[in-house]
Structures are given as C-alpha cells and as structure tokens.
>>> print(open('structure.cif').read())   # mmCIF, C-alpha atoms
data_model
#
loop_
_atom_site.label_atom_id
_atom_site.label_comp_id
_atom_site.auth_asym_id
_atom_site.auth_seq_id
_atom_site.Cartn_x
_atom_site.Cartn_y
_atom_site.Cartn_z
CA MET A 1 0.00 0.00 0.00
CA LEU A 2 2.87 2.38 0.79
CA ALA A 3 5.22 1.07 -1.88
CA ASN A 4 4.31 3.81 -4.39
CA LYS A 5 4.00 6.64 -1.89
CA GLU A 6 6.23 9.70 -1.63
CA PRO A 7 8.33 10.67 1.43
CA TYR A 8 5.68 13.20 2.45
CA ASP A 9 3.05 10.44 2.63
CA TYR A 10 5.21 8.60 5.17
CA PHE A 11 5.76 11.76 7.19
CA LYS A 12 2.00 12.35 7.28
CA LEU A 13 1.61 9.02 9.09
CA PHE A 14 3.24 10.76 12.06
CA LEU A 15 2.39 14.44 11.56
CA THR A 16 -1.29 13.71 10.91
CA ASP A 17 -3.97 16.27 10.09
CA ASP A 18 -5.39 15.56 13.54
CA ILE A 19 -2.14 16.68 15.18
CA GLN A 20 -1.81 19.72 12.93
CA ASN A 21 -5.44 20.75 13.50
CA CYS A 22 -4.84 20.44 17.24
CA MET A 23 -1.85 22.77 16.94
CA VAL A 24 -3.90 25.22 14.85
CA LEU A 25 -6.69 25.23 17.45
CA GLU A 26 -4.38 25.69 20.44
CA THR A 27 -2.19 28.28 18.72
CA ASN A 28 -5.23 30.41 17.92
CA ARG A 29 -6.59 29.88 21.43
CA ASN A 30 -3.27 30.84 23.01
CA ALA A 31 -3.06 34.01 20.92
CA ASP A 32 -6.63 34.96 21.80
CA GLN A 33 -6.06 34.39 25.54
CA TYR A 34 -2.81 36.35 25.55
CA LEU A 35 -4.07 39.32 23.54
CA LYS A 36 -7.11 39.66 25.79
CA SER A 37 -4.91 39.67 28.89
CA ILE A 38 -2.63 42.58 27.93
CA ARG A 39 -2.95 46.14 26.75
CA LEU A 40 -1.28 46.64 23.38
CA SER A 41 0.67 49.72 22.43
CA ARG A 42 -0.14 51.41 19.15
CA SER A 43 3.06 50.13 17.54
CA SER A 44 2.72 46.55 18.75
CA ARG A 45 3.09 43.95 16.01
CA PHE A 46 0.44 41.88 17.79
CA HIS A 47 -2.18 44.10 16.12
CA SER A 48 -1.49 42.26 12.86
CA TRP A 49 -2.25 38.81 14.29
CA GLU A 50 -4.90 36.86 12.41
CA PRO A 51 -6.12 33.33 13.25
CA ILE A 52 -4.32 30.68 11.23
CA VAL A 53 -5.66 27.68 9.32
CA LEU A 54 -4.27 24.23 8.50
CA GLU A 55 -2.46 25.49 5.40
CA ASP A 56 -0.64 28.11 7.49
CA MET A 57 0.51 25.45 9.96
CA THR A 58 1.77 23.21 7.15
CA LYS A 59 3.81 26.09 5.68
CA PHE A 60 5.08 27.02 9.15
CA ILE A 61 6.28 23.44 9.78
CA GLY A 62 7.79 23.36 6.28
CA LEU A 63 9.74 26.55 6.97
CA LEU A 64 11.04 25.12 10.24
CA LEU A 65 12.28 22.05 8.35
CA TRP A 66 13.83 24.27 5.67
CA MET A 67 15.62 26.37 8.30
CA GLY A 68 17.20 23.16 9.58
CA VAL A 69 18.69 22.49 6.13
CA VAL A 70 19.56 26.12 5.30
CA LYS A 71 21.29 27.58 8.35
CA TYR A 72 21.24 31.34 9.00
CA PRO A 73 22.45 32.96 12.23
CA ASN A 74 19.06 34.46 13.16
CA ILE A 75 15.46 33.93 12.08
CA ALA A 76 15.21 37.53 10.85
CA ASP A 77 18.08 36.87 8.42
CA TYR A 78 15.85 34.59 6.33
CA TRP A 79 13.85 37.67 5.32
CA SER A 80 16.84 40.01 5.10
CA LYS A 81 17.25 41.97 1.87
CA ALA A 82 21.01 42.06 2.28
CA GLU A 83 22.66 40.32 -0.67
CA ARG A 84 24.55 37.96 1.62
CA TYR A 85 21.31 36.50 3.01
CA GLU A 86 18.79 37.13 0.25
CA ASN A 87 16.74 34.07 -0.75
CA SER A 88 13.52 33.46 -2.67
CA VAL A 89 11.99 30.87 -0.30
CA ALA A 90 11.01 32.51 3.01
CA PRO A 91 9.48 35.74 1.58
CA LYS A 92 7.56 33.66 -0.97
CA ILE A 93 5.96 31.39 1.66
CA MET A 94 4.92 33.96 4.27
CA SER A 95 5.97 37.29 5.71
CA ARG A 96 8.51 37.46 8.50
CA ASN A 97 5.97 39.09 10.81
CA LYS A 98 3.45 36.28 10.30
CA PHE A 99 6.06 33.57 10.85
CA GLU A 100 7.32 35.15 14.05
CA LEU A 101 3.77 35.61 15.36
CA ILE A 102 2.93 31.95 14.72
CA LEU A 103 6.19 30.96 16.42
CA ARG A 104 5.36 33.22 19.38
CA PHE A 105 1.91 31.69 19.89
CA TRP A 106 2.72 28.12 18.75
CA HIS A 107 0.91 25.99 21.31
CA PHE A 108 -0.24 22.43 21.98
CA SER A 109 -2.78 22.60 24.82
CA ASP A 110 -5.32 24.85 26.54
CA ASN A 111 -3.59 26.72 29.37
CA LYS A 112 -6.87 27.23 31.24
CA THR A 113 -8.31 23.71 31.22
CA SER A 114 -5.15 21.57 31.32
CA ASP A 115 -4.18 19.69 34.48
CA LYS A 116 -1.46 21.89 35.99
CA SER A 117 -0.31 19.06 38.27
CA ASP A 118 1.10 17.38 35.17
CA ARG A 119 4.45 19.00 34.47
CA LEU A 120 4.08 18.08 30.81
CA TYR A 121 0.58 19.50 30.44
CA LYS A 122 1.72 21.90 27.70
CA ILE A 123 2.59 19.01 25.38
CA ARG A 124 0.82 15.97 26.88
CA ASN A 125 -1.97 15.85 24.31
CA ILE A 126 0.33 15.88 21.27
CA LEU A 127 2.90 13.61 22.95
CA ASP A 128 0.27 10.90 23.51
CA LYS A 129 -0.84 11.12 19.87
CA ILE A 130 2.74 10.88 18.63
CA ASN A 131 3.53 7.89 20.85
CA PHE A 132 0.39 6.14 19.62
CA ASN A 133 1.59 6.56 16.03
CA PHE A 134 5.10 5.40 16.91
CA GLU A 135 3.80 2.21 18.54
CA HIS A 136 1.27 1.20 15.89
CA LEU A 137 2.92 2.01 12.57
CA LEU A 138 5.74 -0.53 12.76
CA THR A 139 6.30 -3.79 14.60
CA PRO A 140 9.78 -4.15 16.15
CA GLY A 141 12.07 -7.06 15.45
CA GLU A 142 13.72 -9.30 17.97
CA ILE A 143 16.15 -6.70 19.31
CA ILE A 144 14.94 -3.52 21.05
CA ALA A 145 16.77 -1.39 23.57
CA VAL A 146 15.96 1.35 26.10
CA ASP A 147 18.28 4.30 26.71
CA GLU A 148 18.25 8.00 27.47
CA SER A 149 18.69 11.01 25.22
CA MET A 150 18.97 14.74 25.84
CA ILE A 151 17.32 17.79 24.26
CA PRO A 152 19.57 20.81 24.96
CA PHE A 153 17.93 23.50 27.10
CA ARG A 154 19.49 25.92 29.60
CA GLY A 155 16.43 27.94 30.60
CA ARG A 156 14.49 27.70 33.85
CA LEU A 157 12.69 24.39 34.18
CA LYS A 158 11.91 22.27 37.23
CA PHE A 159 12.85 19.03 35.53
CA ARG A 160 15.89 20.28 33.64
CA GLN A 161 18.70 17.72 33.96
CA TYR A 162 22.49 17.92 34.17
CA ILE A 163 24.34 14.95 32.68
CA PRO A 164 28.08 15.67 32.37
CA SER A 165 28.70 12.68 30.08
CA LYS A 166 26.38 14.03 27.38
CA ARG A 167 27.41 16.37 24.58
CA HIS A 168 24.67 18.77 25.71
CA LYS A 169 25.05 18.68 29.48
CA TYR A 170 21.88 20.63 30.36
CA GLY A 171 18.47 19.91 28.98
CA VAL A 172 15.30 17.82 28.97
CA LYS A 173 15.97 14.11 29.33
CA LEU A 174 14.11 11.57 27.22
CA PHE A 175 13.88 7.81 27.57
CA LYS A 176 13.43 6.04 24.23
CA ILE A 177 12.86 2.49 23.07
CA CYS A 178 14.35 1.82 19.63
CA ASP A 179 15.29 -1.05 17.37
CA VAL A 180 18.67 -1.55 15.68
CA ASN A 181 17.56 0.53 12.65
CA GLY A 182 17.00 3.59 14.85
CA PHE A 183 13.19 3.54 14.68
CA THR A 184 11.69 4.99 17.88
CA TYR A 185 8.64 3.15 19.26
CA LYS A 186 7.93 5.25 22.34
CA ILE A 187 9.25 8.27 24.21
CA ILE A 188 8.98 9.10 27.90
CA ILE A 189 10.05 12.58 29.02
CA TYR A 190 11.66 12.62 32.45
CA GLU A 191 9.74 15.14 34.53
CA GLY A 192 11.29 14.55 37.95
CA LYS A 193 10.33 11.86 40.44
CA GLN A 194 8.59 9.24 38.31
CA SER A 195 9.38 5.94 40.01
CA ILE A 196 6.47 3.88 41.29
CA SER A 197 6.48 2.86 44.95
CA GLY A 198 8.60 -0.26 45.37
CA GLN A 199 10.43 0.24 42.06
CA SER A 200 13.57 2.08 41.07
CA LEU A 201 13.40 4.75 38.34
CA GLY A 202 15.12 2.46 35.86
CA GLU A 203 12.66 -0.35 36.54
CA THR A 204 9.67 1.99 36.18
CA ILE A 205 10.93 3.46 32.89
CA VAL A 206 11.82 0.11 31.34
CA LEU A 207 8.49 -1.47 32.31
CA SER A 208 6.57 1.54 31.02
CA LEU A 209 8.39 1.61 27.67
CA CYS A 210 8.15 -2.15 27.25
CA GLU A 211 4.61 -2.66 28.55
CA LYS A 212 3.42 -3.51 25.04
CA TYR A 213 6.13 -6.19 24.66
CA LEU A 214 6.18 -7.69 28.25
CA GLU A 215 3.19 -9.09 30.05
CA LYS A 216 2.55 -7.90 33.59
CA GLY A 217 3.15 -10.14 36.63
CA GLU A 218 6.08 -12.09 35.13
CA ILE A 219 9.03 -10.41 36.83
CA PHE A 220 10.81 -12.13 39.73
CA GLY A 221 14.24 -12.16 41.26
CA LYS A 222 15.19 -15.24 39.23
CA GLU A 223 14.27 -17.09 36.06
CA ASP A 224 10.61 -18.00 35.91
CA ASP A 225 8.81 -20.70 33.94
CA ASN A 226 8.45 -18.39 30.92
CA GLY A 227 12.19 -17.79 30.65
CA ILE A 228 12.40 -14.22 32.03
CA VAL A 229 15.69 -13.72 33.89
CA VAL A 230 16.41 -10.93 36.38
CA SER A 231 20.03 -10.63 37.48
CA LYS A 232 22.54 -8.22 38.97
CA PHE A 233 26.06 -7.71 37.65
CA LYS A 234 28.74 -6.00 39.72
CA ASP A 235 30.92 -3.68 37.67
CA LYS A 236 31.87 -0.13 38.67
CA ARG A 237 28.36 -0.06 40.03
CA ASP A 238 25.48 -2.49 40.34
CA ILE A 239 23.84 -3.21 37.00
CA PHE A 240 20.40 -4.79 37.05
CA LEU A 241 19.49 -6.87 34.02
CA LEU A 242 16.20 -8.13 32.61
CA SER A 243 16.10 -10.48 29.63
CA THR A 244 13.69 -12.90 27.98
CA ARG A 245 16.33 -14.79 25.97
CA HIS A 246 19.62 -14.82 27.95
CA LYS A 247 20.86 -16.94 30.82
CA LEU A 248 23.63 -15.95 33.21
CA ASP A 249 26.50 -16.76 30.83
CA ILE A 250 29.74 -14.76 31.15
CA ILE A 251 31.46 -14.00 27.84
CA ASP A 252 35.03 -12.93 27.06
CA THR A 253 34.72 -9.55 25.30
CA GLY A 254 38.10 -9.95 23.59
CA LYS A 255 39.37 -6.82 25.36
CA GLN A 256 41.94 -6.50 28.11
CA SER A 257 42.21 -4.26 31.16
CA ARG A 258 45.24 -2.15 32.00
CA LYS A 259 46.53 -5.12 33.96
CA LYS A 260 46.41 -7.22 30.78
CA GLU A 261 43.54 -9.26 32.17
CA SER A 262 40.68 -10.43 29.97
CA ILE A 263 37.47 -8.43 30.43
CA LEU A 264 34.46 -10.66 31.03
CA LYS A 265 30.85 -9.51 30.87
CA PRO A 266 27.44 -11.17 30.90
CA ASP A 267 26.16 -12.11 27.46
CA VAL A 268 23.05 -9.97 28.03
CA ILE A 269 25.17 -6.80 28.41
CA LEU A 270 27.00 -7.38 25.13
CA PHE A 271 23.68 -8.04 23.45
CA HIS A 272 22.21 -4.86 24.97
CA ASN A 273 25.16 -2.76 23.81
CA ALA A 274 24.65 -4.01 20.25
CA GLY A 275 20.93 -3.22 20.40
CA LYS A 276 21.49 0.17 22.03
CA ALA A 277 23.32 1.28 18.91
CA GLY A 278 19.89 1.87 17.38
CA ILE A 279 19.19 4.65 19.89
CA ASP A 280 22.54 6.27 19.17
CA LEU A 281 21.78 5.94 15.46
CA SER A 282 18.38 7.62 15.94
CA ASP A 283 20.00 10.54 17.78
CA GLN A 284 22.75 10.80 15.18
CA LEU A 285 20.33 10.86 12.23
CA ALA A 286 18.12 13.40 14.00
CA SER A 287 21.09 15.73 14.43
CA TYR A 288 21.56 16.08 10.66
CA SER A 289 19.95 19.34 9.46
CA THR A 290 18.03 19.64 12.73
CA PRO A 291 15.47 22.47 12.90
CA VAL A 292 15.90 22.80 16.69
CA ARG A 293 16.94 26.38 17.49
CA LYS A 294 17.51 28.47 20.58
CA SER A 295 14.24 29.10 22.41
CA ILE A 296 13.10 30.35 25.79
CA ARG A 297 10.13 27.97 25.68
CA TRP A 298 11.04 24.42 26.60
CA TYR A 299 7.92 22.93 25.03
CA HIS A 300 8.85 24.42 21.64
CA LYS A 301 12.20 22.68 21.77
CA VAL A 302 10.75 19.35 22.90
CA MET A 303 8.01 19.28 20.27
CA THR A 304 10.39 20.42 17.52
CA GLU A 305 12.65 17.51 18.45
CA ILE A 306 9.82 14.96 18.51
CA LEU A 307 7.76 16.23 15.56
CA LEU A 308 10.51 17.38 13.20
CA ASN A 309 13.40 15.10 14.16
CA THR A 310 12.23 11.79 15.63
CA SER A 311 9.12 11.63 13.45
CA VAL A 312 11.11 12.51 10.33
CA ILE A 313 13.68 9.79 11.06
CA ASN A 314 10.93 7.23 11.68
CA ALA A 315 9.28 8.20 8.39
CA GLN A 316 12.60 7.97 6.54
CA ILE A 317 13.27 4.50 7.96
CA MET A 318 9.82 3.29 6.87
CA TYR A 319 10.29 4.84 3.41
CA ASN A 320 13.68 3.15 2.90
CA MET A 321 12.25 -0.20 4.02
CA LYS A 322 9.63 0.00 1.24
CA HIS A 323 11.91 1.63 -1.37
CA TYR A 324 15.04 -0.47 -1.11
CA ASP A 325 16.23 0.44 -4.62
CA SER A 326 15.77 4.19 -4.17
CA LYS A 327 16.78 4.89 -0.58
CA MET A 328 17.19 8.45 0.64
CA ASN A 329 19.60 9.80 3.22
CA VAL A 330 18.33 12.17 5.90
CA LYS A 331 19.13 15.35 3.98
CA GLN A 332 17.46 14.13 0.80
CA PHE A 333 14.39 13.02 2.75
CA ARG A 334 14.10 16.38 4.52
CA GLU A 335 14.50 18.21 1.19
CA SER A 336 11.68 16.15 -0.31
CA LEU A 337 9.40 17.07 2.62
CA ILE A 338 10.33 20.74 2.30
CA ASP A 339 9.63 20.81 -1.45
CA LYS A 340 6.21 19.23 -0.90
CA MET A 341 5.13 21.30 2.11
CA LEU A 342 6.31 24.62 0.65
CA ASN A 343 5.38 23.78 -2.95
CA LEU A 344 8.94 24.35 -4.17
CA ARG A 345 10.42 23.12 -7.43
CA PRO A 346 12.46 19.96 -6.83
CA THR A 347 16.10 20.14 -7.89
CA SER A 348 16.62 16.51 -8.76
CA ARG A 349 18.93 15.47 -11.60
CA LYS A 350 15.96 14.13 -13.55
CA LEU A 351 14.13 17.47 -13.31
CA ALA A 352 17.27 19.39 -14.24
CA GLN A 353 17.49 17.33 -17.43
CA GLN A 354 13.85 18.09 -18.20
CA MET A 355 14.52 21.81 -17.74
CA THR A 356 17.31 21.94 -20.35
CA VAL A 357 16.70 24.05 -23.46
CA PRO A 358 14.55 22.06 -25.91
CA ASN A 359 15.87 20.98 -29.32
CA THR A 360 19.44 21.31 -28.08
CA PRO A 361 21.32 18.23 -29.33
CA LYS A 362 23.63 16.48 -26.89
CA LEU A 363 27.31 16.60 -27.82
CA THR A 364 29.60 13.63 -27.73
CA GLY A 365 32.93 13.76 -25.92
CA ASN A 366 34.89 14.57 -29.11
CA GLN A 367 32.34 17.22 -30.12
CA ARG A 368 32.59 18.89 -26.69
CA ARG A 369 36.37 18.94 -26.92
CA SER A 370 36.33 20.39 -30.45
CA ALA A 371 33.76 23.01 -29.42
CA ALA A 372 35.80 24.10 -26.43
CA PRO A 373 37.82 27.33 -26.77
CA LYS A 374 41.41 26.89 -27.97
CA HIS A 375 44.19 27.91 -25.60
CA LYS A 376 47.62 29.07 -26.73
CA ILE A 377 50.15 29.16 -23.92
CA GLU A 378 52.99 31.64 -24.41
CA GLU A 379 56.36 29.97 -24.75
CA THR A 380 59.26 31.05 -22.55
CA GLU A 381 62.77 29.93 -21.78
CA GLU A 382 62.69 31.34 -18.24
CA LYS A 383 63.08 28.77 -15.49
CA CYS A 384 62.29 28.68 -11.78
CA PRO A 385 64.88 27.86 -9.06
CA ARG A 386 63.90 24.18 -9.48
CA ASN A 387 64.95 24.36 -13.16
CA ARG A 388 61.42 24.13 -14.50
CA LYS A 389 59.96 26.34 -17.21
CA LEU A 390 57.80 29.11 -15.84
CA ARG A 391 54.09 28.88 -16.72
CA LYS A 392 52.72 31.76 -18.76
CA ARG A 393 49.22 32.99 -19.52
CA CYS A 394 47.13 31.99 -22.52
CA SER A 395 47.64 34.71 -25.10
CA GLU A 396 44.16 34.25 -26.62
CA CYS A 397 42.38 34.41 -23.23
CA TYR A 398 44.45 37.45 -22.20
CA LYS A 399 43.62 39.24 -25.45
CA LYS A 400 39.88 38.57 -24.94
CA ILE A 401 39.91 39.72 -21.30
CA SER A 402 41.90 42.83 -22.19
CA GLN A 403 39.28 43.83 -24.73
CA GLU A 404 36.43 43.24 -22.29
CA LYS A 405 38.07 44.97 -19.32
CA GLY A 406 39.72 47.74 -21.31
CA PHE A 407 43.35 47.17 -20.26
CA ARG A 408 46.52 45.98 -21.93
#
>>> encode(input="structure.cif", output="structure tokens")
Amino acid sequence: MLANKEPYDYFKLFLTDDIQNCMVLETNRNADQYLKSIRLSRSSRFHSWEPIVLEDMTKFIGLLLWMGVVKYPNIADYWSKAERYENSVAPKIMSRNKFELILRFWHFSDNKTSDKSDRLYKIRNILDKINFNFEHLLTPGEIIAVDESMIPFRGRLKFRQYIPSKRHKYGVKLFKICDVNGFTYKIIIYEGKQSISGQSLGETIVLSLCEKYLEKGEIFGKEDDNGIVVSKFKDKRDIFLLSTRHKLDIIDTGKQSRKKESILKPDVILFHNAGKAGIDLSDQLASYSTPVRKSIRWYHKVMTEILLNTSVINAQIMYNMKHYDSKMNVKQFRESLIDKMLNLRPTSRKLAQQMTVPNTPKLTGNQRRSAAPKHKIEETEEKCPRNRKLRKRCSECYKKISQEKGFR
C-alpha cells in the first residue's frame, strides 16, 4: 500500500492532520487568551495577528524544516534583503511578521483547562498522539533497547537535567525504546520523580516503555517458567538486568584491562550494547539538518525535536524499508518534505534534465572537446629555481579579457 507513496506520505503518518489541527486550534486559542490579557501599544506587532488555518501550519512546519537544512544565524536573516542572506523561499511562503507571530503563539494545549499538576501539560496531548503513532505504525524485530537522550535546554525548568557525560550537558531528558535501525517506538520525558512505589526509576521506565512487549506479573528475582531472567552484575556499580532470551553466561569480550587481564561480561550486556546502537543511530540521524533552534520555551524545543526530528527519522526508515532500490539519506528526505510542504520546485537530476533548453542536441565527448575554446600558452625559456619552465598565460584568453576589461 505504501510502496508507491512519496516521502511526504510517510511523514503524514506521524504528523497527521489531527495533530496539525490540534496545533492550529491551540495556537489560535493561546493568541486569543494572551491578547485579551494585555494592553497593546499602538506600535505593537500583535495588532497584525490573524487566526491561522491548516495550510498556514503546514507552511510554518515546512519553513522550520527548511531552516534546519539552510542555516542562517538568526530567524530575521531569512527575510533580510542584504545580498549575503537574500533568498527566494522565506518571503515567498509567508511574511517574516506572520512567521514570528505563529512561532510566538505556537501551542499544543489549553492553558486554562489543562491539568497543571502534570508537568508536561503543555505538550501531553500531542505527545500521547505521537507515541500512539510510533507504537502502531511498525512492529519491532527481535532486538529492542531502552536508553536515554537529551534535548539541549538551559532555561528555567523544574525538571531540567544535568548529565556531564552528554554532549549537551543541560536539557530535557528523554527515555526512548528503539530497534537496531533507529526507529523509535515510544518516548517518555523525564519530569522529575517518576518511580512507582517499590520500584527504582530504571525499573519503572523500562516497564513503562516495554509494557506492550512484556506481560505484567512475570518479573521475579530469578528465572521463571516463561524464561524471564532478572540478574545483577557487579561492575563499577550495580547493574540490574532483565532479559527474555539470555541466561547468566559470562562472555570474554576480547578486550583487556590495564593489567592485561581479559574483560568478562554477561552475554546480556554485550547483546544490549549491540541493540542500544539503534538509539545512538536515531540521535545521530536526528542531528543532521536539525530544525531545533535556541528558544526560551522548553515545550517548543521538545516538540520540535519529537515532531521534526524523531518523526522525520521514523518516516525515513519506513520509506527506505519500502523503497530499497531508491533509498534516501536524511538530507534528501528532509529536502523532499520541504519541497512538498512549501510547494517548491524539486532540484533533482531528472528534473534538471527536463529543464534543459529544448531541441538542443547532446554533444559527444569529441564534439565537446572540439567546441571548447582553444588555448595558446605563451612559450618562454625562463626557469624557476627548481629548473622548470615558468608557466605563462594563454595569449588568446588574455587578449579577450583585455578587450572586455579595457586594459593591456
């Protein structure tokens, strides 16, 4: 069914009209609530705000994706008339004032009716919809892994995390479950104390992410009749392990310590490290041409990461699985989405050939060489210190340039 679909059709499986309509509704509601709560000055740009529709949201999302591929220092530079920044895309799609107003009021929930006790109330509605799509659009293979990721953010936030081992040390922490291809099946955002009574945080997160793939009531402190093994491995710290296919076998990793001793680890850890590569791959792919920019609003950053990075990578993986002979890398896939959402002319090689001047015969290699301008290099007997003849200019080219420029 999806074999003949375009990249945008795969992306729409994640960024559905339902999700976009929800963003349109809440963005308009947020603007209305804010504008009624303040007194505007005569020169305020908020006077020009007009409620948006689905088409506006699609173009807005498309511009965000485009800004991830085409990097300018500031958002205002995309509409700059300076020659160094001038482009024909942003001004054609919408005015700078309209884009910045949509970005200012971009919202995902009703501030007045949402449950304020939920720290993620600003994005909970959209997050649940996205996770539902992640879980139901693709069935994972045998190997899945759970690990953490970080969305950079240094603003004020109660559940902002500091992880010194990460590239971005401050930010919002995510827990993801992925397969070896990098497809993300579910995301949990760490919002502070989330562990259930009687469970550690790690146990709570793993069980929550894997609840669709593990039946409840089967976890014990040993191997049960169904083959689920819970174990603890002592390394630099205690490592608790849960597996449905491994025993307690210790494997030689093939590496040695500083004392030239063989390093031994449980088979389940080596298997987990191999599976965890999918999460690293997902993060790596999402970092290419990312539209995430500096923002004072944490929920903008989080939703940009989930909607325009994780969802795009999931869509690209599904597309490449169905189009094995015409796979796209991340940049090509993003460009295809941008062209479709902003109604831009594709710049593929095939289209470029179609746009050549009609009735222009193609030249063979010999014809191209014979049609090329002739060069006549001036001869000289002068030599450099290495006893090689000095190169001189082409007399024909110099004569032509002299006539054009007006010098001798």
>>> closest_residue(input="structure.cif", among="A:Met341, A:Tyr78, A:Gly155, A:Gly68", to="Glu305 of chain A", atoms="all atoms listed in the file")
A:Gly68
>>> closest_residue(input="structure.cif", among="A:Met328, A:Leu63, A:Val89, A:Ile126", to="Leu307 of chain A", atoms="only C-alpha atoms")
A:Ile126
>>> residues_around(input="structure.cif", residues="segment 52-56 of chain A", least_positions_apart="5", cutoff="12 Å", atoms="all atoms listed in the file", output="VMD selection string")
chain A and resid 16 to 32 61 to 63 93 to 95 98 to 99 101 to 103 105 to 106 341 to 343
>>> resolve_selection(input="structure.cif", expression="the PyMOL selection byres ((chain A and resi 169) around 12)", output="VMD selection string")
chain A and resid 149 to 154 160 to 168 170 to 173
>>> resolve_selection(input="structure.cif", expression="the PyMOL selection byres ((chain A and resi 313) around 9)", output="list of chain:residue names")
A:Gly182, A:Phe183, A:Thr184, A:Ser282, A:Leu285, A:Ala286, A:Leu308, A:Asn309, A:Thr310, A:Ser311, A:Val312, A:Asn314, A:Ala315, A:Gln316, A:Ile317, A:Met318, A:Val330, A:Phe333
>>> resolve_selection(input="structure.cif", expression="the PyMOL selection byres ((chain A and resi 123) around 8)", output="PyMOL selection string")
chain A and resi 108-109+120-122+124-127+299+303
>>> atom_distance(input="structure.cif", atom1="atom CA of Ile296 of chain A", atom2="atom CA of Asp115 of chain A")
22.1 Å
>>> atom_distance(input="structure.cif", atom1="atom CA of Trp66 of chain A", atom2="atom CA of Arg334 of chain A")
8.0 Å
>>> closest_residue(input="structure.cif", among="A:Leu15, A:Pro140, A:Ser395, A:Lys340", to="Asn181 of chain A", atoms="only C-alpha atoms")
A:Pro140
>>> residues_near_point(input="structure.cif", point="(16.8, 36.7, 6.7)", cutoff="12 Å", atoms="only C-alpha atoms", output="ChimeraX atom specification")
/A:67,70-91,95-97,99
>>> atom_distance(input="structure.cif", atom1="atom CA of Phe14 of chain A", atom2="atom CA of Phe134 of chain A")
7.5 Å
>>> closest_residue(input="structure.cif", among="A:Lys92, A:Leu35, A:Tyr319, A:Arg45", to="Phe11 of chain A", atoms="all atoms listed in the file")
A:Tyr319
>>> closest_residue(input="structure.cif", among="A:Lys12, A:Glu50, A:Gly192, A:Gln33", to="Lys112 of chain A", atoms="only C-alpha atoms")
A:Gln33
>>> closest_residue(input="structure.cif", among="A:His300, A:Arg104, A:Lys5, A:Lys399", to="Trp49 of chain A", atoms="all atoms listed in the file")
A:Arg104
>>> decode(input="structure.cif", residues="segment 66-72 of chain A", atoms="all heavy atoms", output="compact mmCIF listing (two decimals), in the first residue's frame")
# COMPACT_ATOMS: atom_id res chain seq x y z
N TRP A 66 12.91 23.62 6.61
CA TRP A 66 13.83 24.27 5.67
C TRP A 66 14.95 25.01 6.42
O TRP A 66 16.11 24.98 6.01
CB TRP A 66 13.04 25.24 4.78
CG TRP A 66 13.89 26.07 3.86
CD1 TRP A 66 14.61 25.65 2.79
CD2 TRP A 66 14.11 27.49 3.96
NE1 TRP A 66 15.26 26.71 2.20
CE2 TRP A 66 14.97 27.85 2.90
CE3 TRP A 66 13.65 28.48 4.82
CZ2 TRP A 66 15.38 29.16 2.68
CZ3 TRP A 66 14.07 29.78 4.60
CH2 TRP A 66 14.92 30.12 3.54
N MET A 67 14.61 25.65 7.52
CA MET A 67 15.62 26.37 8.30
C MET A 67 16.63 25.42 8.94
O MET A 67 17.74 25.83 9.30
CB MET A 67 14.93 27.21 9.39
CG MET A 67 14.16 28.40 8.85
SD MET A 67 13.23 29.27 10.15
CE MET A 67 12.48 30.59 9.20
N GLY A 68 16.25 24.14 9.10
CA GLY A 68 17.20 23.16 9.58
C GLY A 68 18.21 22.78 8.51
O GLY A 68 19.36 22.47 8.81
N VAL A 69 17.79 22.81 7.24
CA VAL A 69 18.69 22.49 6.13
C VAL A 69 19.51 23.70 5.71
O VAL A 69 20.71 23.60 5.44
CB VAL A 69 17.86 21.97 4.92
CG1 VAL A 69 18.75 21.75 3.70
CG2 VAL A 69 17.14 20.67 5.29
N VAL A 70 18.88 24.87 5.68
CA VAL A 70 19.56 26.12 5.30
C VAL A 70 19.77 26.93 6.57
O VAL A 70 18.83 27.53 7.10
CB VAL A 70 18.72 26.91 4.27
CG1 VAL A 70 19.45 28.18 3.85
CG2 VAL A 70 18.39 26.05 3.07
N LYS A 71 20.99 26.96 7.06
CA LYS A 71 21.29 27.58 8.35
C LYS A 71 21.66 29.05 8.20
O LYS A 71 22.61 29.39 7.49
CB LYS A 71 22.45 26.83 9.04
CG LYS A 71 22.17 25.38 9.34
CD LYS A 71 21.25 25.22 10.53
CE LYS A 71 21.17 23.78 10.98
NZ LYS A 71 20.26 23.60 12.12
N TYR A 72 20.90 29.93 8.86
CA TYR A 72 21.24 31.34 9.00
C TYR A 72 21.42 31.64 10.49
O TYR A 72 20.84 30.94 11.33
CB TYR A 72 20.12 32.23 8.44
CG TYR A 72 20.08 32.37 6.94
CD1 TYR A 72 20.89 31.59 6.11
CD2 TYR A 72 19.24 33.29 6.32
CE1 TYR A 72 20.85 31.72 4.74
CE2 TYR A 72 19.18 33.43 4.93
CZ TYR A 72 20.00 32.63 4.14
OH TYR A 72 19.95 32.76 2.78
